[in-house]
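Data first, discussion second: the structure below is written as structure tokens.
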Amino acid sequence: MAEHSTRIRSITGSEDDGWGVHYRAQAMQSAGEDVTILSVGDHDFTTDQRIVDACKDSLDAGQHHYSPVTGGVDLREAVSARITERTGVTTSQDETIICPGGQAGLYACATLAINPGDEAIIVEPYYATYAQTILAAGGVPVCVATLPEDGFQPSAAAIAAAITSKTRMILINSPQNPSGVVYTRETLEGIAAACRDHNLWLVSDEVYESQVYDGEHISPRALEGMTDRTLVIGSMSKSHAMTGWRVGWVIGPEAAIASLADLFLTMTYGMAPFIQNAALVGLREGGQGEKEIAALYRRRRDRALQALSKSAKLKVHAPAAAMYLLIDVRAVSASGEAFANALLDEEKIGVMPGESFGASAAGHIRISLCTEDDKLAEACARIGDFADNWSAA
Ligand SMILES: Cc1ncc(COP(=O)(O)O)c(C=O)c1O
């Protein structure tokens, strides 16, 4: 058989990425066992019916054709107006490209910034695809750890210290998955200064910006001198419960967006018009459902925190944002994976081992809030009891 490229081989056949526990939970569920799966960041409810209807209407109206590779004018205008309103940075549609989900945007930005062998700094714990995304673009991921003791707030000095002559970009994610941390202005100012000093791209993954419960989300693109070197990733997956629709965007300088359009020409050749029309309805009506979705996750966060607070052994990093809780299990197990496997075997609850998000979340587990309130609270109480009574020996 003809060979696979070195680049593709860099992302295939990687060692267990932590999804092993999840796949086992799914297999047990399929075999008829009563398993509660708290591992995935996907809503337990469907997309707002008005968005669904807009898609159906577009299909019925014959919108079955190619659309501009950058995304339709109306949707780009709606996204750029949203960014202008939320960040105060006047943003035009030429600084906006629509893509199939935030993940496609992440890959495209890495491809824009990185030459083969260049380094990209990512902050641990990180969203599970980050290292692979950098590798897929031919780059070398360089991890900078954040500490549980600092509530996983990054140190701009540690990030700056990781910069070498090969560094081309820094990838950050605030509000953050899995920790729920919202970067402070001071952190972002420090990271922005490092980018300016070393002429780097800052890729800012803001797919959770609509789900902030404590503190304030600041887009680093709005900081002084950053508009020309920041690429913002946005998405409707989390904000509008549209994970399966694949609608995201990248915001950046016009020339960068033009280059991304050339890249997407070779990949997606544009997005489905009926999906874009549906997305437009979601954005236009003042963020239909967006606030309700954020309120729901805030309520679930509070219930989960309350249930977990009864445990003598677990320590929870109360998330300021997003749809997850990162739980410190080190009082009973140095390995989040060992704890997650035992929890699945004995309590039939599936969670993500912290190690899947990088070494700095070792000894943690992540649960998602994408389960109905009472069931979630009950599962959290059982996780607490399990930890209090479990001995890893
Ligand atoms: C931090 C982060 N970035 C990007 C994504 C990808 O989102 P999308 O569905 O928009 O591709 C996710 C999905 O979980 C995420 O958690």
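Going through the structure tokens in order, the chains are called A, B, and so on, while each chain numbers its residues from 1 and the ligands are numbered from 1 in the order shown.
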
Determine, using only C-alpha atoms and all ligand atoms, which residues of chain A have any atom at most 6 Å from an atom of ligand 1, and tabulate each with its shortest atom pair and distance in Å to one decimal place, rows ordered by chain and then rising number, as a tab-separated table.
residue	atom	partner	partner_atom_place_in_ligand_line	distance
A:Gly41	CA	ligand 1	14 (O)	5.7
A:Gly101	CA	ligand 1	10 (O)	3.7
A:Gly102	CA	ligand 1	10 (O)	3.4
A:Gln103	CA	ligand 1	11 (O)	3.8
A:Tyr127	CA	ligand 1	1 (C)	5.0
A:Asn177	CA	ligand 1	1 (C)	5.1
A:Asp205	CA	ligand 1	3 (N)	5.9
A:Val207	CA	ligand 1	3 (N)	5.8
A:Ser235	CA	ligand 1	10 (O)	4.5
A:Ser237	CA	ligand 1	9 (O)	4.8
A:Thr243	CA	ligand 1	9 (O)	5.0
A:Gly248	CA	ligand 1	10 (O)	5.5

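Residues in contact with Phe357 of chain A at 10 Å, where only C-alpha atoms are counted and same-chain residues fewer than 5 positions away are skipped, are listed as A:Asp17, A:Gly18, A:Val123, A:Glu124, A:Pro125, A:Tyr126, A:Tyr127, A:Ala128, A:Thr129, A:Tyr130, A:Ala131, A:Asn177, A:Pro178, A:Ser179, A:Met352, A:Ala362, A:His364, A:Ile365, A:Arg366.
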
For the selection you just gave me, I'd like the residues written to a file as a JSON list (two decimals), in the first residue's frame, keeping N, CA and C atoms.
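Output saved as out-v8.json:
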[["chain", "number", "residue", "atom", "x", "y", "z"],
["A", 17, "ASP", "N", -6.02, 8.37, 24.50],
["A", 17, "ASP", "CA", -6.20, 9.80, 24.75],
["A", 17, "ASP", "C", -7.21, 10.06, 25.85],
["A", 18, "GLY", "N", -7.55, 9.05, 26.60],
["A", 18, "GLY", "CA", -8.47, 9.26, 27.72],
["A", 18, "GLY", "C", -9.90, 8.93, 27.36],
["A", 123, "VAL", "N", -1.81, 25.78, 26.36],
["A", 123, "VAL", "CA", -1.85, 25.88, 27.82],
["A", 123, "VAL", "C", -2.58, 24.67, 28.39],
["A", 124, "GLU", "N", -1.93, 24.00, 29.30],
["A", 124, "GLU", "CA", -2.51, 22.81, 29.97],
["A", 124, "GLU", "C", -3.26, 23.20, 31.23],
["A", 125, "PRO", "N", -4.34, 22.52, 31.59],
["A", 125, "PRO", "CA", -5.03, 21.51, 30.81],
["A", 125, "PRO", "C", -5.69, 22.15, 29.59],
["A", 126, "TYR", "N", -5.72, 21.40, 28.49],
["A", 126, "TYR", "CA", -6.21, 21.96, 27.23],
["A", 126, "TYR", "C", -7.37, 21.12, 26.69],
["A", 127, "TYR", "N", -8.13, 21.72, 25.81],
["A", 127, "TYR", "CA", -9.19, 21.00, 25.09],
["A", 127, "TYR", "C", -8.53, 19.87, 24.31],
["A", 128, "ALA", "N", -9.17, 18.70, 24.38],
["A", 128, "ALA", "CA", -8.51, 17.45, 23.97],
["A", 128, "ALA", "C", -7.90, 17.44, 22.57],
["A", 129, "THR", "N", -8.37, 18.24, 21.63],
["A", 129, "THR", "CA", -7.83, 18.17, 20.26],
["A", 129, "THR", "C", -6.61, 19.07, 20.02],
["A", 130, "TYR", "N", -6.25, 19.90, 20.98],
["A", 130, "TYR", "CA", -5.28, 20.96, 20.67],
["A", 130, "TYR", "C", -3.93, 20.45, 20.15],
["A", 131, "ALA", "N", -3.36, 19.48, 20.87],
["A", 131, "ALA", "CA", -2.04, 19.02, 20.46],
["A", 131, "ALA", "C", -2.10, 18.41, 19.05],
["A", 177, "ASN", "N", -12.19, 25.03, 28.65],
["A", 177, "ASN", "CA", -12.58, 23.64, 28.81],
["A", 177, "ASN", "C", -11.28, 22.87, 29.00],
["A", 178, "PRO", "N", -11.07, 22.15, 30.08],
["A", 178, "PRO", "CA", -12.05, 21.63, 31.03],
["A", 178, "PRO", "C", -12.21, 22.39, 32.34],
["A", 179, "SER", "N", -11.40, 23.41, 32.62],
["A", 179, "SER", "CA", -11.37, 23.95, 33.99],
["A", 179, "SER", "C", -12.48, 24.95, 34.29],
["A", 352, "MET", "N", -14.53, 11.81, 32.38],
["A", 352, "MET", "CA", -13.24, 11.90, 31.67],
["A", 352, "MET", "C", -12.10, 11.98, 32.69],
["A", 362, "ALA", "N", -3.65, 15.81, 35.95],
["A", 362, "ALA", "CA", -3.56, 14.45, 36.51],
["A", 362, "ALA", "C", -4.19, 14.47, 37.90],
["A", 364, "HIS", "N", -7.27, 14.36, 38.50],
["A", 364, "HIS", "CA", -8.57, 15.03, 38.42],
["A", 364, "HIS", "C", -9.51, 14.21, 37.52],
["A", 365, "ILE", "N", -10.78, 14.48, 37.63],
["A", 365, "ILE", "CA", -11.73, 13.98, 36.63],
["A", 365, "ILE", "C", -12.57, 15.17, 36.16],
["A", 366, "ARG", "N", -13.07, 15.08, 34.94],
["A", 366, "ARG", "CA", -13.96, 16.14, 34.44],
["A", 366, "ARG", "C", -15.34, 15.54, 34.23]]

How many Å separate atom CA of Thr230 of chain A from atom CA of Val203 of chain A?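 So the two atoms, atom CA of Thr230 of chain A and atom CA of Val203 of chain A, lie 5.8 Å apart.
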
Once DSSP has gone over the backbone, tell me which residues of segment 44-193 of chain A are in alpha helix (DSSP H), as a PyMOL selection string. chain A and resi 49-60+73-87+102-113+130-136+156-161+185-193

Based on DSSP run over this structure's backbone, return all residues of segment 233-293 of chain A in strand (DSSP E or B), as a PDB file with C-alpha atoms, in the first residue's frame.
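The resulting file, part-v5.pdb, is reproduced below:
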ATOM      1  CA  ILE A 233     -12.488  31.229  17.078  1.00  0.00           C
ATOM      2  CA  GLY A 234     -16.257  31.284  17.641  1.00  0.00           C
ATOM      3  CA  SER A 235     -18.981  28.681  17.340  1.00  0.00           C
ATOM      4  CA  GLY A 248     -18.318  28.355  13.562  1.00  0.00           C
ATOM      5  CA  TRP A 249     -16.190  31.283  12.493  1.00  0.00           C
ATOM      6  CA  VAL A 250     -12.790  32.889  12.565  1.00  0.00           C
ATOM      7  CA  ILE A 251     -12.330  36.617  13.114  1.00  0.00           C
TER       8      ILE A 251
END

Residues near Ile97 of chain A, cut-off 8 Å, only C-alpha atoms, skip fewer than 2 positions along chain, as a PyMOL selection string: chain A and resi 70-71+76+93-95+99+249-251+257+260-261

Need to verify the contact set: Thr111 of chain A, 12 Å, only C-alpha atoms, exclusion of same-chain residues closer than 6 positions in sequence. Can you return it as a PyMOL selection string? chain A and resi 104-105+117-118+120+133-139+168-169+201+203+256+259-260+262-264

Sorted per-residue table, segment 46-158 of chain A near segment 189-200 of chain A, closest atoms and distance, 9 Å, only C-alpha atoms, as a Markdown table:
| residue | atom | partner | partner_atom | distance |
| --- | --- | --- | --- | --- |
| A:Ala113 | CA | A:Leu200 | CA | 8.6 |
| A:Ser155 | CA | A:Gly190 | CA | 8.3 |
| A:Ala156 | CA | A:Gly190 | CA | 5.0 |
| A:Ala157 | CA | A:Gly190 | CA | 7.3 |

Restricting the calculation to only C-alpha atoms, which member of A:Lys310, A:Arg86, A:Lys56, A:Lys238 is positioned closest to Glu290 of chain A?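 Looking at the shortest contact to Glu290 of chain A, the residue is A:Lys238.
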
Taking 3 positions as the minimum chain separation for residues in the same chain, which residues sit within 7 Å of Asn173 of chain A when counting only C-alpha atoms? Answer as a PDB file with N, CA and C atoms, in the first residue's frame.
ATOM      1  N   GLN A 176     -12.531  28.466  29.609  1.00  0.00           N
ATOM      2  CA  GLN A 176     -11.723  27.290  29.320  1.00  0.00           C
ATOM      3  C   GLN A 176     -12.453  25.966  29.543  1.00  0.00           C
ATOM      4  N   SER A 204      -7.281  32.720  19.777  1.00  0.00           N
ATOM      5  CA  SER A 204      -8.110  32.796  20.984  1.00  0.00           C
ATOM      6  C   SER A 204      -9.410  32.022  20.751  1.00  0.00           C
ATOM      7  N   ASP A 205      -9.498  30.869  21.385  1.00  0.00           N
ATOM      8  CA  ASP A 205     -10.673  30.003  21.238  1.00  0.00           C
ATOM      9  C   ASP A 205     -11.723  30.463  22.242  1.00  0.00           C
ATOM     10  N   GLU A 206     -12.786  31.075  21.720  1.00  0.00           N
ATOM     11  CA  GLU A 206     -13.793  31.687  22.601  1.00  0.00           C
ATOM     12  C   GLU A 206     -15.162  31.016  22.437  1.00  0.00           C
TER      13      GLU A 206
END
